[in-house]
$ cat final.cif   # mmCIF, N, CA and C atoms
data_coords
#
loop_
_atom_site.label_atom_id
_atom_site.label_comp_id
_atom_site.auth_asym_id
_atom_site.auth_seq_id
_atom_site.Cartn_x
_atom_site.Cartn_y
_atom_site.Cartn_z
N MET S 803 -1.12 6.41 -7.63
CA MET S 803 -0.86 7.71 -7.04
C MET S 803 -2.15 8.31 -6.52
N ARG S 804 -2.00 9.13 -5.55
CA ARG S 804 -3.15 9.85 -5.02
C ARG S 804 -3.46 11.02 -5.95
N PRO S 805 -4.65 11.60 -5.83
CA PRO S 805 -4.99 12.73 -6.70
C PRO S 805 -3.99 13.88 -6.60
N ASP S 806 -3.33 14.04 -5.46
CA ASP S 806 -2.36 15.13 -5.31
C ASP S 806 -0.99 14.76 -5.87
N GLY S 807 -0.86 13.57 -6.48
CA GLY S 807 0.37 13.15 -7.13
C GLY S 807 1.36 12.46 -6.21
N GLN S 808 1.05 12.32 -4.93
CA GLN S 808 1.96 11.67 -4.01
C GLN S 808 1.79 10.15 -4.07
N VAL S 809 2.90 9.46 -3.88
CA VAL S 809 2.90 8.00 -3.86
C VAL S 809 2.50 7.54 -2.45
N ARG S 810 1.55 6.60 -2.39
CA ARG S 810 1.18 6.01 -1.10
C ARG S 810 2.25 5.01 -0.71
N HIS S 811 2.74 5.10 0.51
CA HIS S 811 3.76 4.16 0.97
C HIS S 811 3.75 4.06 2.49
N VAL S 812 4.29 2.97 2.97
CA VAL S 812 4.50 2.75 4.38
C VAL S 812 5.75 1.89 4.51
N SER S 813 6.53 2.15 5.55
CA SER S 813 7.73 1.37 5.80
C SER S 813 7.88 1.21 7.31
N VAL S 814 8.12 -0.02 7.75
CA VAL S 814 8.18 -0.29 9.18
C VAL S 814 9.25 -1.35 9.45
N LEU S 815 9.97 -1.16 10.55
CA LEU S 815 10.98 -2.11 11.00
C LEU S 815 10.32 -3.05 12.00
N LEU S 816 10.51 -4.37 11.80
CA LEU S 816 9.86 -5.38 12.64
C LEU S 816 10.89 -6.39 13.13
N SER S 817 10.61 -7.00 14.28
CA SER S 817 11.53 -8.00 14.82
C SER S 817 11.55 -9.24 13.93
N SER S 818 12.72 -9.83 13.81
CA SER S 818 12.88 -11.04 12.98
C SER S 818 12.43 -12.27 13.78
N THR S 819 11.13 -12.29 14.04
CA THR S 819 10.52 -13.38 14.80
C THR S 819 9.20 -13.75 14.13
N ALA S 820 8.63 -14.86 14.55
CA ALA S 820 7.32 -15.25 14.03
C ALA S 820 6.29 -14.16 14.34
N ARG S 821 6.40 -13.55 15.51
CA ARG S 821 5.47 -12.47 15.88
C ARG S 821 5.64 -11.26 14.95
N GLY S 822 6.88 -10.92 14.63
CA GLY S 822 7.14 -9.82 13.70
C GLY S 822 6.58 -10.11 12.32
N ALA S 823 6.68 -11.36 11.87
CA ALA S 823 6.13 -11.74 10.57
C ALA S 823 4.61 -11.63 10.56
N ARG S 824 3.95 -12.07 11.63
CA ARG S 824 2.49 -11.93 11.72
C ARG S 824 2.08 -10.47 11.74
N LEU S 825 2.83 -9.65 12.48
CA LEU S 825 2.53 -8.23 12.56
C LEU S 825 2.71 -7.56 11.19
N ALA S 826 3.67 -8.01 10.41
CA ALA S 826 3.88 -7.46 9.06
C ALA S 826 2.62 -7.63 8.22
N ARG S 827 2.04 -8.82 8.25
CA ARG S 827 0.82 -9.07 7.48
C ARG S 827 -0.33 -8.20 7.97
N LEU S 828 -0.50 -8.11 9.28
CA LEU S 828 -1.59 -7.30 9.83
C LEU S 828 -1.43 -5.82 9.47
N LEU S 829 -0.23 -5.30 9.59
CA LEU S 829 0.03 -3.90 9.25
C LEU S 829 -0.19 -3.64 7.76
N ALA S 830 0.25 -4.57 6.92
CA ALA S 830 0.08 -4.42 5.48
C ALA S 830 -1.40 -4.40 5.11
N VAL S 831 -2.16 -5.34 5.63
CA VAL S 831 -3.60 -5.40 5.32
C VAL S 831 -4.30 -4.13 5.80
N ASP S 832 -3.94 -3.66 6.98
CA ASP S 832 -4.54 -2.44 7.51
C ASP S 832 -4.23 -1.24 6.61
N ALA S 833 -2.98 -1.11 6.18
CA ALA S 833 -2.59 0.01 5.30
C ALA S 833 -3.33 -0.08 3.96
N LEU S 834 -3.37 -1.27 3.37
CA LEU S 834 -4.02 -1.43 2.07
C LEU S 834 -5.52 -1.15 2.15
N ARG S 835 -6.15 -1.59 3.23
CA ARG S 835 -7.57 -1.28 3.44
C ARG S 835 -7.78 0.23 3.51
N SER S 836 -6.92 0.92 4.24
CA SER S 836 -7.08 2.37 4.39
C SER S 836 -6.85 3.09 3.06
N TRP S 837 -6.04 2.49 2.18
CA TRP S 837 -5.81 3.06 0.85
C TRP S 837 -6.86 2.61 -0.15
N GLU S 838 -7.79 1.75 0.30
CA GLU S 838 -8.83 1.18 -0.55
C GLU S 838 -8.24 0.41 -1.74
N VAL S 839 -7.24 -0.41 -1.39
CA VAL S 839 -6.53 -1.24 -2.37
C VAL S 839 -6.84 -2.70 -2.03
N PRO S 840 -7.06 -3.56 -3.02
CA PRO S 840 -7.31 -4.98 -2.71
C PRO S 840 -6.17 -5.55 -1.87
N TYR S 841 -6.52 -6.27 -0.82
CA TYR S 841 -5.49 -6.69 0.14
C TYR S 841 -5.36 -8.20 0.32
N GLU S 842 -6.27 -8.99 -0.21
CA GLU S 842 -6.23 -10.43 0.05
C GLU S 842 -4.94 -11.06 -0.49
N THR S 843 -4.67 -10.89 -1.76
CA THR S 843 -3.47 -11.48 -2.37
C THR S 843 -2.22 -10.86 -1.77
N ALA S 844 -2.21 -9.54 -1.64
CA ALA S 844 -1.05 -8.85 -1.08
C ALA S 844 -0.76 -9.31 0.34
N GLY S 845 -1.80 -9.51 1.13
CA GLY S 845 -1.61 -9.98 2.50
C GLY S 845 -0.90 -11.32 2.55
N GLN S 846 -1.25 -12.21 1.63
CA GLN S 846 -0.60 -13.52 1.58
C GLN S 846 0.85 -13.39 1.15
N VAL S 847 1.12 -12.53 0.16
CA VAL S 847 2.50 -12.33 -0.30
C VAL S 847 3.34 -11.75 0.84
N VAL S 848 2.82 -10.76 1.54
CA VAL S 848 3.54 -10.18 2.68
C VAL S 848 3.81 -11.26 3.73
N ALA S 849 2.82 -12.08 4.03
CA ALA S 849 2.98 -13.13 5.03
C ALA S 849 4.13 -14.07 4.66
N GLU S 850 4.19 -14.48 3.40
CA GLU S 850 5.23 -15.40 2.96
C GLU S 850 6.61 -14.76 3.00
N LEU S 851 6.72 -13.52 2.48
CA LEU S 851 8.03 -12.85 2.46
C LEU S 851 8.51 -12.52 3.87
N ALA S 852 7.59 -12.09 4.75
CA ALA S 852 7.97 -11.78 6.13
C ALA S 852 8.38 -13.05 6.88
N ALA S 853 7.66 -14.14 6.65
CA ALA S 853 8.02 -15.41 7.30
C ALA S 853 9.41 -15.86 6.85
N ASN S 854 9.71 -15.69 5.57
CA ASN S 854 11.04 -16.04 5.07
C ASN S 854 12.11 -15.16 5.71
N ALA S 855 11.83 -13.86 5.85
CA ALA S 855 12.80 -12.96 6.48
C ALA S 855 13.04 -13.34 7.93
N ALA S 856 11.98 -13.70 8.64
CA ALA S 856 12.10 -14.06 10.05
C ALA S 856 12.75 -15.43 10.25
N THR S 857 12.62 -16.29 9.25
CA THR S 857 13.17 -17.65 9.37
C THR S 857 14.56 -17.75 8.76
N HIS S 858 14.68 -17.37 7.48
CA HIS S 858 15.93 -17.57 6.75
C HIS S 858 16.83 -16.33 6.75
N GLY S 859 16.25 -15.16 6.97
CA GLY S 859 17.03 -13.92 6.96
C GLY S 859 17.35 -13.41 8.34
N ARG S 860 17.07 -14.20 9.33
CA ARG S 860 17.23 -13.79 10.72
C ARG S 860 18.69 -13.74 11.14
N VAL S 861 19.05 -12.62 11.76
CA VAL S 861 20.32 -12.46 12.46
C VAL S 861 19.94 -11.98 13.86
N PRO S 862 20.36 -12.69 14.90
CA PRO S 862 19.97 -12.28 16.26
C PRO S 862 20.25 -10.79 16.51
N GLY S 863 19.24 -10.11 17.03
CA GLY S 863 19.37 -8.70 17.34
C GLY S 863 19.10 -7.76 16.17
N ARG S 864 18.86 -8.31 14.98
CA ARG S 864 18.59 -7.49 13.81
C ARG S 864 17.15 -7.66 13.38
N SER S 865 16.56 -6.61 12.84
CA SER S 865 15.17 -6.62 12.42
C SER S 865 15.08 -6.74 10.90
N PHE S 866 13.85 -6.88 10.40
CA PHE S 866 13.63 -6.80 8.96
C PHE S 866 12.70 -5.63 8.70
N ARG S 867 12.72 -5.13 7.47
CA ARG S 867 11.90 -3.98 7.11
C ARG S 867 10.87 -4.38 6.06
N LEU S 868 9.62 -3.99 6.32
CA LEU S 868 8.53 -4.15 5.35
C LEU S 868 8.24 -2.78 4.76
N THR S 869 8.20 -2.70 3.45
CA THR S 869 7.87 -1.46 2.76
C THR S 869 6.82 -1.77 1.71
N LEU S 870 5.78 -0.94 1.66
CA LEU S 870 4.74 -1.05 0.64
C LEU S 870 4.66 0.27 -0.10
N TYR S 871 4.53 0.19 -1.43
CA TYR S 871 4.33 1.36 -2.27
C TYR S 871 3.17 1.08 -3.21
N VAL S 872 2.36 2.08 -3.46
CA VAL S 872 1.39 2.01 -4.54
C VAL S 872 1.75 3.14 -5.49
N VAL S 873 2.17 2.76 -6.69
CA VAL S 873 2.52 3.73 -7.72
C VAL S 873 1.65 3.42 -8.93
N GLY S 874 0.78 4.36 -9.27
CA GLY S 874 -0.15 4.10 -10.36
C GLY S 874 -1.02 2.91 -10.01
N ALA S 875 -1.01 1.90 -10.86
CA ALA S 875 -1.83 0.70 -10.64
C ALA S 875 -0.99 -0.49 -10.21
N THR S 876 0.16 -0.22 -9.56
CA THR S 876 1.04 -1.29 -9.12
C THR S 876 1.32 -1.18 -7.63
N LEU S 877 1.15 -2.29 -6.92
CA LEU S 877 1.55 -2.39 -5.53
C LEU S 877 2.89 -3.09 -5.49
N ARG S 878 3.85 -2.46 -4.84
CA ARG S 878 5.18 -3.07 -4.67
C ARG S 878 5.38 -3.37 -3.19
N ILE S 879 5.74 -4.61 -2.92
CA ILE S 879 6.00 -5.09 -1.57
C ILE S 879 7.49 -5.38 -1.49
N GLU S 880 8.15 -4.84 -0.47
CA GLU S 880 9.57 -5.11 -0.27
C GLU S 880 9.80 -5.58 1.16
N VAL S 881 10.58 -6.64 1.32
CA VAL S 881 10.98 -7.12 2.63
C VAL S 881 12.50 -7.20 2.61
N THR S 882 13.13 -6.42 3.49
CA THR S 882 14.58 -6.32 3.55
C THR S 882 15.08 -6.95 4.85
N ASP S 883 16.06 -7.86 4.72
CA ASP S 883 16.66 -8.45 5.91
C ASP S 883 18.17 -8.30 5.85
N THR S 884 18.85 -8.79 6.87
CA THR S 884 20.30 -8.60 6.96
C THR S 884 21.08 -9.88 6.68
N ARG S 885 20.52 -10.74 5.86
CA ARG S 885 21.23 -11.95 5.44
C ARG S 885 21.41 -11.92 3.93
N GLY S 886 22.19 -10.96 3.45
CA GLY S 886 22.45 -10.85 2.02
C GLY S 886 23.16 -12.06 1.45
N ASP S 887 23.79 -12.84 2.31
CA ASP S 887 24.50 -14.04 1.87
C ASP S 887 23.54 -15.19 1.58
N ARG S 888 22.28 -15.06 1.97
CA ARG S 888 21.28 -16.12 1.75
C ARG S 888 20.21 -15.60 0.79
N ARG S 889 20.43 -15.83 -0.48
CA ARG S 889 19.45 -15.41 -1.48
C ARG S 889 18.40 -16.50 -1.64
N PRO S 890 17.13 -16.11 -1.71
CA PRO S 890 16.07 -17.12 -1.87
C PRO S 890 16.14 -17.79 -3.23
N VAL S 891 15.79 -19.06 -3.23
CA VAL S 891 15.79 -19.84 -4.47
C VAL S 891 14.42 -20.49 -4.61
N LEU S 892 13.82 -20.29 -5.78
CA LEU S 892 12.52 -20.89 -6.05
C LEU S 892 12.72 -22.34 -6.48
N ARG S 893 12.12 -23.24 -5.72
CA ARG S 893 12.22 -24.67 -6.02
C ARG S 893 10.82 -25.27 -6.09
N GLU S 894 10.71 -26.33 -6.85
CA GLU S 894 9.46 -27.09 -6.87
C GLU S 894 9.26 -27.67 -5.47
N PRO S 895 8.10 -27.43 -4.84
CA PRO S 895 7.91 -27.91 -3.47
C PRO S 895 7.81 -29.43 -3.40
N ASP S 896 8.34 -29.97 -2.32
CA ASP S 896 8.24 -31.40 -2.04
C ASP S 896 6.81 -31.68 -1.59
N GLY S 897 6.19 -32.67 -2.16
CA GLY S 897 4.79 -32.97 -1.86
C GLY S 897 4.52 -33.35 -0.42
N VAL S 898 5.51 -33.83 0.32
CA VAL S 898 5.29 -34.26 1.70
C VAL S 898 5.94 -33.35 2.73
N ALA S 899 6.75 -32.41 2.30
CA ALA S 899 7.44 -31.51 3.23
C ALA S 899 6.44 -30.56 3.89
N GLU S 900 6.71 -30.17 5.14
CA GLU S 900 5.84 -29.26 5.87
C GLU S 900 6.18 -27.80 5.61
N SER S 901 7.25 -27.54 4.89
CA SER S 901 7.64 -26.16 4.57
C SER S 901 8.24 -26.15 3.17
N GLY S 902 8.68 -24.96 2.73
CA GLY S 902 9.32 -24.86 1.43
C GLY S 902 8.41 -24.41 0.30
N ARG S 903 7.22 -23.91 0.63
CA ARG S 903 6.28 -23.48 -0.40
C ARG S 903 6.12 -21.97 -0.49
N GLY S 904 6.81 -21.22 0.37
CA GLY S 904 6.63 -19.77 0.43
C GLY S 904 6.87 -19.06 -0.88
N LEU S 905 8.05 -19.26 -1.47
CA LEU S 905 8.34 -18.58 -2.73
C LEU S 905 7.49 -19.12 -3.88
N PHE S 906 7.12 -20.38 -3.80
CA PHE S 906 6.23 -20.95 -4.80
C PHE S 906 4.89 -20.20 -4.78
N LEU S 907 4.38 -19.89 -3.58
CA LEU S 907 3.15 -19.12 -3.46
C LEU S 907 3.34 -17.68 -3.94
N VAL S 908 4.46 -17.06 -3.57
CA VAL S 908 4.74 -15.70 -4.04
C VAL S 908 4.77 -15.67 -5.55
N ASP S 909 5.42 -16.66 -6.15
CA ASP S 909 5.50 -16.73 -7.61
C ASP S 909 4.12 -16.88 -8.25
N ALA S 910 3.26 -17.64 -7.61
CA ALA S 910 1.91 -17.86 -8.14
C ALA S 910 1.02 -16.63 -7.96
N LEU S 911 1.20 -15.89 -6.87
CA LEU S 911 0.30 -14.78 -6.55
C LEU S 911 0.75 -13.43 -7.12
N ALA S 912 2.04 -13.19 -7.17
CA ALA S 912 2.55 -11.90 -7.62
C ALA S 912 2.70 -11.89 -9.14
N ASP S 913 2.64 -10.70 -9.72
CA ASP S 913 2.86 -10.56 -11.16
C ASP S 913 4.35 -10.59 -11.51
N ARG S 914 5.17 -10.10 -10.59
CA ARG S 914 6.62 -10.11 -10.74
C ARG S 914 7.22 -10.19 -9.34
N TRP S 915 8.40 -10.78 -9.22
CA TRP S 915 9.12 -10.77 -7.97
C TRP S 915 10.59 -10.98 -8.24
N GLY S 916 11.40 -10.64 -7.28
CA GLY S 916 12.83 -10.81 -7.44
C GLY S 916 13.59 -10.46 -6.17
N VAL S 917 14.91 -10.41 -6.31
CA VAL S 917 15.78 -10.12 -5.19
C VAL S 917 16.74 -9.02 -5.62
N ALA S 918 16.92 -8.03 -4.76
CA ALA S 918 17.87 -6.94 -5.03
C ALA S 918 18.87 -6.89 -3.88
N GLU S 919 20.13 -6.79 -4.23
CA GLU S 919 21.15 -6.64 -3.19
C GLU S 919 21.10 -5.22 -2.66
N GLY S 920 21.27 -5.10 -1.36
CA GLY S 920 21.33 -3.79 -0.74
C GLY S 920 22.73 -3.55 -0.20
N ARG S 921 22.86 -2.49 0.59
CA ARG S 921 24.15 -2.26 1.24
C ARG S 921 24.47 -3.45 2.12
N HIS S 922 25.68 -3.93 2.04
CA HIS S 922 26.09 -5.10 2.80
C HIS S 922 25.70 -4.93 4.25
N PRO S 923 25.08 -5.87 4.87
CA PRO S 923 24.80 -7.25 4.47
C PRO S 923 23.35 -7.46 4.05
N ARG S 924 22.67 -6.44 3.55
CA ARG S 924 21.23 -6.53 3.29
C ARG S 924 20.89 -7.08 1.91
N LYS S 925 19.66 -7.61 1.85
CA LYS S 925 19.02 -7.96 0.58
C LYS S 925 17.55 -7.62 0.71
N THR S 926 16.92 -7.34 -0.42
CA THR S 926 15.49 -7.06 -0.45
C THR S 926 14.83 -8.02 -1.39
N VAL S 927 13.83 -8.73 -0.89
CA VAL S 927 13.00 -9.57 -1.73
C VAL S 927 11.74 -8.75 -1.99
N TRP S 928 11.42 -8.56 -3.27
CA TRP S 928 10.30 -7.70 -3.65
C TRP S 928 9.31 -8.47 -4.50
N ALA S 929 8.09 -7.98 -4.47
CA ALA S 929 7.03 -8.55 -5.31
C ALA S 929 6.14 -7.40 -5.75
N GLU S 930 5.64 -7.50 -6.97
CA GLU S 930 4.71 -6.49 -7.48
C GLU S 930 3.41 -7.16 -7.90
N ILE S 931 2.33 -6.46 -7.58
CA ILE S 931 0.99 -6.93 -7.94
C ILE S 931 0.32 -5.83 -8.74
N ASP S 932 -0.12 -6.18 -9.96
CA ASP S 932 -0.86 -5.22 -10.78
C ASP S 932 -2.27 -5.13 -10.24
N LEU S 933 -2.67 -3.94 -9.85
CA LEU S 933 -3.96 -3.76 -9.20
C LEU S 933 -5.12 -3.70 -10.18
N THR S 934 -4.85 -3.59 -11.47
CA THR S 934 -5.93 -3.51 -12.46
C THR S 934 -6.35 -4.89 -12.94
N LEU S 935 -5.59 -5.91 -12.61
CA LEU S 935 -5.92 -7.27 -13.05
C LEU S 935 -6.79 -7.95 -12.01
N ALA S 936 -7.52 -8.95 -12.44
CA ALA S 936 -8.32 -9.75 -11.52
C ALA S 936 -7.39 -10.44 -10.53
N PRO S 937 -7.79 -10.60 -9.28
CA PRO S 937 -6.91 -11.20 -8.28
C PRO S 937 -6.60 -12.67 -8.52
N GLU S 938 -7.43 -13.36 -9.26
CA GLU S 938 -7.19 -14.78 -9.51
C GLU S 938 -6.43 -14.94 -10.82
N ARG S 939 -5.22 -15.45 -10.71
CA ARG S 939 -4.39 -15.71 -11.89
C ARG S 939 -3.88 -17.14 -11.80
N GLY S 940 -3.99 -17.88 -12.88
CA GLY S 940 -3.55 -19.27 -12.86
C GLY S 940 -2.18 -19.50 -13.46
N THR S 941 -1.56 -18.46 -14.00
CA THR S 941 -0.27 -18.67 -14.63
C THR S 941 0.85 -18.47 -13.62
N SER S 942 1.94 -19.15 -13.84
CA SER S 942 3.10 -19.05 -12.97
C SER S 942 4.29 -18.55 -13.76
N ARG S 943 5.13 -17.83 -13.10
CA ARG S 943 6.37 -17.39 -13.69
C ARG S 943 7.50 -18.11 -12.98
N PHE S 944 7.37 -19.45 -12.81
CA PHE S 944 8.33 -20.25 -12.09
C PHE S 944 9.74 -19.99 -12.59
N GLY S 945 10.60 -19.61 -11.69
CA GLY S 945 12.00 -19.36 -12.04
C GLY S 945 12.28 -17.96 -12.52
N ASP S 946 11.29 -17.12 -12.67
CA ASP S 946 11.49 -15.75 -13.15
C ASP S 946 11.93 -14.87 -11.99
N VAL S 947 13.23 -14.72 -11.82
CA VAL S 947 13.78 -13.93 -10.72
C VAL S 947 14.61 -12.81 -11.33
N GLY S 948 14.38 -11.60 -10.90
CA GLY S 948 15.14 -10.46 -11.40
C GLY S 948 15.34 -9.45 -10.30
N GLY S 949 16.05 -8.39 -10.60
CA GLY S 949 16.32 -7.40 -9.57
C GLY S 949 16.11 -6.06 -10.02
#

$ encode --input "final.cif" --output "structure tokens"
Amino acid sequence: MRPDGQVRHVSVLLSSTARGARLARLLAVDALRSWEVPYETAGQVVAELAANAATHGRVPGRSFRLTLYVVGATLRIEVTDTRGDRRPVLREPDGVAESGRGLFLVDALADRWGVAEGRHPRKTVWAEIDLTLAPERGTSRFGDVGG
């Protein structure tokens, strides 16, 4: 929270395209820098969640929403798309596949993550990063999905 008690947040609607996913990361890093919040890990988490929304959550003509909140010492990242019928599943990545590592990275980098159903047909994939902990964490919460 800011000294005046207000929660720092930003929310933006972006096109469900590769360009929209790249813009999500750039906007997130810019906002976190302006809030003087560590942005390296969060930028990677945003990149992975936005890429998933643009790839797997894409509905032609529909956008996805990126929302960031800082409450106390926790950064919450939310990416909402319009494919509520496609819930992400964390799987062990294939060693030779060129894709399929996004949620594995989110799981490794975030302190918590999960999926929340929204108003039909939406879903929100969220991740939280504790800002008081060191950015390098070696533990995984593989399979820990909640809402």

$ resolve_selection --input "final.cif" --expression "the PyMOL selection byres ((chain S and resi 870) around 8)" --output "NGL selection string"
:S and (809-814 or 830 or 867-869 or 871-873 or 877-881)

$ resolve_selection --input "final.cif" --expression "the PyMOL selection byres ((chain S and resi 850) around 8)" --output "number ranges by chain"
S: 823, 827, 844-849, 851-856, 903-905, 907-908

$ select_by_dssp --input "final.cif" --residues "stretch 808-948 of chain S" --states "strand (DSSP E or B)" --output "PyMOL selection string"
chain S and resi 810-817+865-873+876-883+914-919+925-932+948

$ select_by_dssp --input "final.cif" --residues "stretch 805-946 of chain S" --states "alpha helix (DSSP H)" --output "VMD selection string"
chain S and resid 820 to 836 842 to 857 904 to 911

$ atom_distance --input "final.cif" --atom1 "atom N of S:Arg860" --atom2 "atom C of S:Arg921"
14.9 Å

$ resolve_selection --input "final.cif" --expression "the PyMOL selection byres ((chain S and resi 886) around 5)" --output "ChimeraX atom specification"
/S:884-885,887-888,923-925

$ atom_distance --input "final.cif" --atom1 "atom N of S:Thr876" --atom2 "atom N of S:Leu933"
4.7 Å

$ closest_residue --input "final.cif" --among "S:Leu892, S:Leu815, S:Ala918, S:Ala912" --to "S:Asp932" --atoms "all atoms listed in the file"
S:Ala912

$ atom_distance --input "final.cif" --atom1 "atom CA of S:Ala910" --atom2 "atom N of S:Trp928"
14.2 Å

$ closest_residue --input "final.cif" --among "S:Ile931, S:Ala875, S:Leu816, S:Leu829" --to "S:Asp913" --atoms "all atoms listed in the file"
S:Ile931

$ closest_residue --input "final.cif" --among "S:Arg889, S:Pro895, S:His922, S:Ser865" --to "S:Thr819" --atoms "only N, CA and C atoms"
S:Ser865

$ closest_residue --input "final.cif" --among "S:Ser817, S:Gly920, S:Gly874, S:Gly897" --to "S:Val861" --atoms "only C-alpha atoms"
S:Ser817
